[in-house]
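Source file: entry-v5.txt; contents: compact mmCIF, C-alpha atoms.
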```txt
# COMPACT_ATOMS: atom_id res chain seq x y z
CA MET K 1 -67.21 -51.87 11.69
CA ALA K 2 -63.85 -50.22 10.80
CA LEU K 3 -63.73 -46.49 10.23
CA PRO K 4 -62.25 -45.15 6.97
CA PRO K 5 -58.89 -43.36 7.36
CA ASP K 6 -58.99 -39.62 7.96
CA THR K 7 -57.42 -38.35 4.77
CA ASN K 8 -57.54 -34.76 5.92
CA SER K 9 -55.42 -35.48 9.01
CA ALA K 10 -52.84 -37.43 7.02
CA ALA K 11 -52.54 -34.66 4.48
CA ALA K 12 -52.15 -32.06 7.25
CA ALA K 13 -49.38 -34.09 8.82
CA ARG K 14 -47.51 -34.39 5.50
CA ASN K 15 -47.85 -30.66 4.90
CA ALA K 16 -46.54 -29.90 8.38
CA ALA K 17 -43.55 -32.21 7.88
CA GLN K 18 -42.76 -30.69 4.50
CA GLN K 19 -43.03 -27.20 5.94
CA ASP K 20 -40.67 -28.11 8.81
CA VAL K 21 -38.10 -29.48 6.37
CA PHE K 22 -38.43 -26.38 4.24
CA LEU K 23 -37.95 -24.07 7.24
CA ARG K 24 -34.84 -25.98 8.32
CA GLU K 25 -33.40 -25.71 4.82
CA VAL K 26 -34.12 -22.01 4.77
CA ASP K 27 -32.55 -21.58 8.22
CA ASP K 28 -29.43 -23.50 7.15
CA ALA K 29 -29.18 -21.40 4.00
CA VAL K 30 -29.48 -18.18 6.00
CA ARG K 31 -26.80 -19.31 8.45
CA GLN K 32 -24.47 -20.32 5.64
CA ASP K 33 -25.06 -16.98 3.96
CA GLN K 34 -24.30 -15.18 7.24
CA LEU K 35 -21.13 -17.22 7.72
CA GLU K 36 -19.98 -16.48 4.18
CA GLY K 37 -20.69 -12.81 4.75
CA PHE K 38 -18.78 -12.83 8.04
CA MET K 39 -15.78 -14.62 6.51
CA SER K 40 -15.85 -12.30 3.53
CA ARG K 41 -15.73 -9.28 5.81
CA TYR K 42 -13.58 -10.52 8.72
CA GLY K 43 -11.92 -13.69 7.46
CA LYS K 44 -8.53 -12.27 6.55
CA PRO K 45 -8.06 -10.19 9.74
CA LEU K 46 -9.16 -13.19 11.81
CA ILE K 47 -6.69 -15.50 10.11
CA ALA K 48 -3.96 -12.89 10.59
CA VAL K 49 -4.71 -12.67 14.32
CA ILE K 50 -4.58 -16.46 14.64
CA ILE K 51 -1.25 -16.63 12.82
CA ILE K 52 0.22 -13.85 14.96
CA ALA K 53 -0.97 -15.59 18.14
CA LEU K 54 0.60 -18.89 17.03
CA LEU K 55 3.89 -17.18 16.17
CA ALA K 56 3.90 -15.38 19.53
CA PHE K 57 3.29 -18.65 21.36
CA ALA K 58 6.08 -20.36 19.44
CA GLY K 59 8.40 -17.45 20.21
CA TRP K 60 7.54 -17.65 23.90
CA ILE K 61 8.31 -21.38 23.95
CA TYR K 62 11.65 -20.76 22.23
CA TRP K 63 12.50 -17.94 24.65
CA GLN K 64 11.70 -20.18 27.61
CA HIS K 65 13.93 -22.89 26.15
CA ARG K 66 16.82 -20.45 25.68
CA GLN K 67 16.39 -19.09 29.21
CA THR K 68 16.55 -22.62 30.59
CA GLN K 69 19.67 -23.38 28.58
CA GLU K 70 21.36 -20.17 29.76
CA ARG K 71 20.51 -20.88 33.40
CA GLU K 72 21.90 -24.40 33.12
CA ALA K 73 25.08 -23.11 31.48
CA ARG K 74 25.52 -20.45 34.20
CA SER K 75 25.00 -23.02 36.94
CA GLU K 76 27.58 -25.36 35.41
CA ALA K 77 30.12 -22.54 35.04
CA TYR K 78 29.40 -21.44 38.62
CA VAL K 79 30.18 -24.93 39.95
CA GLN K 80 33.39 -25.00 37.92
CA ALA K 81 34.36 -21.63 39.39
CA LEU K 82 33.82 -22.98 42.91
CA ASP K 83 36.07 -25.93 42.11
CA ALA K 84 38.73 -23.54 40.83
CA LEU K 85 38.50 -21.47 44.02
CA GLN K 86 38.91 -24.56 46.17
CA SER K 87 42.07 -25.30 44.18
CA GLU K 88 43.25 -21.70 44.76
CA ASN K 89 43.21 -21.10 41.01
CA LEU K 90 41.86 -17.56 41.18
CA ASP K 91 42.43 -16.72 37.53
CA ALA K 92 40.51 -19.78 36.34
CA ALA K 93 37.68 -18.92 38.73
CA LYS K 94 37.56 -15.36 37.38
CA ALA K 95 37.42 -16.65 33.80
CA LYS K 96 34.37 -18.77 34.66
CA LEU K 97 32.64 -16.09 36.73
CA ALA K 98 33.12 -13.10 34.42
CA PRO K 99 30.54 -14.17 31.76
CA ILE K 100 28.01 -15.01 34.49
CA ALA K 101 28.53 -11.72 36.31
CA GLY K 102 28.23 -9.81 33.03
CA ALA K 103 24.79 -11.19 32.24
CA ASP K 104 21.95 -8.69 32.01
CA SER K 105 20.19 -10.14 35.02
CA SER K 106 19.94 -9.80 38.78
CA ASP K 107 19.04 -13.37 39.66
CA ALA K 108 20.77 -15.16 42.53
CA THR K 109 23.37 -16.93 40.38
CA VAL K 110 24.47 -13.75 38.61
CA VAL K 111 24.66 -11.71 41.84
CA SER K 112 26.52 -14.52 43.61
CA ALA K 113 29.07 -14.55 40.78
CA ARG K 114 29.61 -10.81 41.26
CA LEU K 115 30.08 -11.32 44.99
CA MET K 116 32.66 -14.01 44.32
CA LEU K 117 34.50 -11.76 41.86
CA ALA K 118 34.62 -9.06 44.54
CA GLY K 119 36.05 -11.55 47.00
CA ILE K 120 38.71 -12.60 44.49
CA ALA K 121 39.59 -8.94 43.92
CA LEU K 122 40.18 -8.51 47.66
CA ARG K 123 42.40 -11.58 47.76
CA GLN K 124 44.38 -10.16 44.86
CA GLU K 125 44.71 -6.85 46.76
CA LYS K 126 42.43 -4.98 44.36
CA LYS K 127 40.36 -3.29 47.03
CA ALA K 128 38.95 -0.56 44.79
CA ASP K 129 37.58 -3.14 42.32
CA ALA K 130 36.04 -5.12 45.15
CA LEU K 131 34.37 -2.11 46.74
CA LYS K 132 32.98 -1.04 43.37
CA LEU K 133 31.35 -4.45 42.88
CA TYR K 134 29.96 -4.53 46.41
CA ARG K 135 28.42 -1.07 45.98
CA GLU K 136 26.85 -2.00 42.66
CA ILE K 137 25.26 -5.09 44.18
CA SER K 138 23.95 -3.33 47.29
CA ALA K 139 22.40 -0.64 45.06
CA ASP K 140 20.75 -3.14 42.69
CA GLY K 141 17.06 -2.95 43.52
CA LYS K 142 16.32 -6.08 41.43
CA ALA K 143 18.82 -8.30 43.26
CA PRO K 144 17.67 -10.57 46.11
CA GLN K 145 17.65 -8.52 49.33
CA VAL K 146 19.65 -11.08 51.27
CA LEU K 147 22.50 -10.80 48.74
CA ARG K 148 22.30 -7.01 48.71
CA ASP K 149 22.69 -7.06 52.49
CA LEU K 150 25.64 -9.44 52.23
CA ALA K 151 27.31 -7.06 49.78
CA SER K 152 26.85 -4.21 52.27
CA VAL K 153 28.37 -6.25 55.09
CA ARG K 154 31.35 -7.27 52.98
CA GLU K 155 31.85 -3.74 51.68
CA VAL K 156 31.96 -2.35 55.23
CA GLY K 157 34.23 -5.19 56.34
CA ALA K 158 36.67 -4.48 53.50
CA ASP K 159 36.65 -0.72 54.13
CA PHE K 160 36.22 -0.75 57.94
CA ASP K 161 39.53 0.92 58.81
CA ALA K 162 38.85 3.81 56.43
CA MET K 163 35.28 4.40 57.63
CA LYS K 164 34.04 6.48 60.52
CA PRO K 165 32.56 4.28 63.25
CA GLU K 166 29.25 6.14 63.13
CA ASP K 167 29.01 5.38 59.40
CA VAL K 168 29.59 1.68 60.11
CA VAL K 169 26.80 1.70 62.69
CA SER K 170 24.47 3.57 60.33
CA ARG K 171 25.05 1.10 57.48
CA LEU K 172 24.78 -2.13 59.44
CA LYS K 173 22.77 -1.55 62.61
CA SER K 174 19.54 -2.82 61.06
CA MET K 175 21.27 -6.13 60.25
CA ALA K 176 23.03 -6.40 63.63
CA ALA K 177 20.00 -7.99 65.28
CA PRO K 178 19.19 -11.62 66.15
CA GLY K 179 17.18 -13.28 63.42
CA ASN K 180 18.84 -11.40 60.59
CA PRO K 181 20.75 -13.74 58.20
CA TRP K 182 23.87 -11.60 58.61
CA PHE K 183 23.55 -10.91 62.34
CA GLY K 184 26.94 -12.45 63.11
CA PRO K 185 29.25 -10.54 60.74
CA ALA K 186 27.17 -7.35 60.81
CA GLY K 187 26.95 -7.44 64.61
CA GLU K 188 30.70 -7.97 64.95
CA LEU K 189 31.44 -4.94 62.78
CA VAL K 190 28.92 -2.78 64.64
CA GLY K 191 30.36 -3.97 67.95
CA MET K 192 33.88 -3.02 66.88
CA ALA K 193 32.57 0.37 65.75
CA TYR K 194 31.03 0.85 69.22
CA LEU K 195 34.43 0.12 70.75
CA LYS K 196 35.99 2.78 68.54
CA GLN K 197 33.37 5.16 69.92
CA ASN K 198 34.17 4.05 73.50
CA LYS K 199 30.63 2.66 73.85
CA GLN K 200 31.58 -0.50 75.74
CA ASP K 201 28.14 -0.61 77.34
CA GLN K 202 26.64 -1.20 73.88
CA ALA K 203 29.41 -3.36 72.47
CA GLY K 204 29.45 -5.88 75.33
CA PRO K 205 25.79 -6.98 75.15
CA LEU K 206 25.99 -7.14 71.36
CA PHE K 207 29.01 -9.46 71.45
CA ALA K 208 27.27 -11.57 74.10
CA ALA K 209 24.17 -11.89 71.89
CA ILE K 210 26.34 -13.03 68.98
CA ALA K 211 28.12 -15.58 71.18
CA LYS K 212 24.79 -17.06 72.32
CA ASP K 213 23.26 -17.27 68.83
CA GLU K 214 23.68 -20.86 67.59
CA SER K 215 22.97 -19.84 63.99
CA VAL K 216 26.20 -17.81 63.91
CA GLU K 217 29.41 -19.41 62.65
CA ASP K 218 31.46 -21.02 65.44
CA GLY K 219 34.64 -19.03 64.90
CA LEU K 220 32.76 -15.75 65.04
CA ARG K 221 30.88 -16.85 68.18
CA SER K 222 34.20 -17.68 69.83
CA ARG K 223 35.61 -14.21 69.09
CA ALA K 224 32.41 -12.57 70.33
CA ARG K 225 32.49 -14.65 73.52
CA GLN K 226 36.03 -13.51 74.28
CA LEU K 227 35.24 -9.86 73.60
CA ALA K 228 32.10 -10.02 75.74
CA ALA K 229 34.10 -11.54 78.61
CA VAL K 230 36.73 -8.82 78.32
CA LEU K 231 33.99 -6.22 78.50
CA GLY K 232 32.52 -7.85 81.59
CA VAL K 233 29.42 -9.37 80.00
CA ASP K 234 28.45 -13.01 80.60
CA ALA K 235 28.17 -14.56 77.16
CA VAL K 236 27.56 -18.24 78.05
CA ASP K 237 26.25 -20.28 80.94
CA ASP K 238 28.99 -22.90 80.67
CA VAL K 239 32.49 -22.11 79.48
CA VAL K 240 33.85 -24.74 77.10
CA ASN K 241 37.11 -25.33 75.31
CA GLU K 242 37.59 -25.68 71.56
CA LYS K 243 36.31 -29.27 71.75
CA GLY K 244 33.09 -28.24 73.47
CA GLU K 245 34.21 -29.71 76.82
CA PRO K 246 33.23 -27.77 80.00
CA LEU K 247 35.93 -25.94 81.86
CA ASP K 248 35.83 -25.15 85.55
CA LYS K 249 37.21 -21.69 84.98
CA PRO K 250 37.35 -19.47 81.89
CA ILE K 251 40.75 -19.21 80.35
CA ALA K 252 41.05 -15.77 78.87
CA LYS K 253 43.45 -12.92 78.82
CA ILE K 254 41.73 -10.07 80.62
CA VAL K 255 42.64 -6.68 79.20
CA GLN K 256 41.25 -3.23 79.66
CA PRO K 257 38.43 -2.10 77.34
CA ALA K 258 40.66 0.67 76.09
CA GLU K 259 43.09 -1.93 74.73
CA VAL K 260 40.26 -3.61 72.79
CA ALA K 261 39.19 -0.30 71.34
CA ASN K 262 42.70 0.28 70.11
```
Can I see the file as structure tokens?
Amino acid sequence: MALPPDTNSAAAARNAAQQDVFLREVDDAVRQDQLEGFMSRYGKPLIAVIIIALLAFAGWIYWQHRQTQEREARSEAYVQALDALQSENLDAAKAKLAPIAGADSSDATVVSARLMLAGIALRQEKKADALKLYREISADGKAPQVLRDLASVREVGADFDAMKPEDVVSRLKSMAAPGNPWFGPAGELVGMAYLKQNKQDQAGPLFAAIAKDESVEDGLRSRARQLAAVLGVDAVDDVVNEKGEPLDKPIAKIVQPAEVAN
């Protein structure tokens, strides 16, 4: 025999469902009211912040684009200046380098342009202009250290005859060590300063170290080898000629250390 439906349970279920729907509607209404209240109070400042952030981002993108364009233009002008230098057209090279060197920056391209302008000034017998540029570069704390050191070496090299030997040693001794990028030219200048001070015992080993360092330019190694031999220091195991061929005996003019110092 079938049981009659439980009308009380069905009614309770409908009431529960209706109450759940009602509570959800109330909750949605409360949330909407809270959102409207929030937007009413903070909407305008929030929109302003979003707009400012978007404008700042757009400005940053534009700035990055301009920086890239300027770097590319500087690089192109730098290459053109190198071509002009190879053609011995110093004035054309200066015209290309001047805008790069005048940029408000201390990146490698800008500093290299200043170094090249200083070198051109020396070739045009404008020593004071060259020394001024070298000093500015070496004192620029934002410039790459390796280029600052190069400026110091070139400044001392350009002004060597006018400097006291102890000042030369003080400026360059830290760079006159194997492993330093400018060991060769810095070491040669320090070695010559030692000779001026009659410190052959310090100059000889330094020239020998330069001669044995394969990272140093060949012409400089050759000069250092000759000076080391003159000072009685063995600079190489095998003596070779300009073609790199071994010689049975070194061919060198032996002079007194005093003559080298002079």
For this session: Figure out the distance between CA of Pro185 (chain K) and CA of Leu220 (chain K), please, to one decimal in Å.
Result: 7.6 Å
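At a cut-off of 8 Å from (33.3, 1.4, 65.1), the residue set is Lys164, Pro165, Glu166, Val168, Val169, Leu189, Val190, Gly191, Met192, Ala193, Tyr194, Leu195, Lys196 and Gln197 of chain K (counting all atoms listed in the file).
Proximity ranking of K:Asp201, K:Asp107, K:Asp129, K:Asp149 relative to Ala176 (chain K) places K:Asp149 first, based on all atoms listed in the file.
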Exercise. CA of Ala108 (chain K) and CA of Leu147 (chain K), how far apart in Å?
Worked result: 7.8 Å
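The two atoms in question, CA of Ile100 (chain K) and CA of Ala58 (chain K), are spaced 27.1 Å apart.
Considering all atoms listed in the file, the residue among K:Asp104, K:Asp159, K:Asp167, K:Glu217 positioned nearest to Trp182 (chain K) is K:Glu217.
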Selection: 12 Å around Glu214 (chain K), all atoms listed in the file, excl. self and same-chain fewer than 4 positions, as a PDB file with C-alpha atoms, keeping the file's coordinate frame:
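Saved file result-v1.pdb follows:
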```
ATOM      1  CA  PRO K 178      19.190 -11.620  66.150  1.00  0.00           C
ATOM      2  CA  GLY K 179      17.180 -13.280  63.420  1.00  0.00           C
ATOM      3  CA  PHE K 183      23.550 -10.910  62.340  1.00  0.00           C
ATOM      4  CA  GLY K 184      26.940 -12.450  63.110  1.00  0.00           C
ATOM      5  CA  ALA K 208      27.270 -11.570  74.100  1.00  0.00           C
ATOM      6  CA  ALA K 209      24.170 -11.890  71.890  1.00  0.00           C
ATOM      7  CA  ILE K 210      26.340 -13.030  68.980  1.00  0.00           C
ATOM      8  CA  ASP K 218      31.460 -21.020  65.440  1.00  0.00           C
ATOM      9  CA  GLY K 219      34.640 -19.030  64.900  1.00  0.00           C
ATOM     10  CA  LEU K 220      32.760 -15.750  65.040  1.00  0.00           C
ATOM     11  CA  ARG K 221      30.880 -16.850  68.180  1.00  0.00           C
ATOM     12  CA  SER K 222      34.200 -17.680  69.830  1.00  0.00           C
ATOM     13  CA  VAL K 236      27.560 -18.240  78.050  1.00  0.00           C
TER      14      VAL K 236
END
```
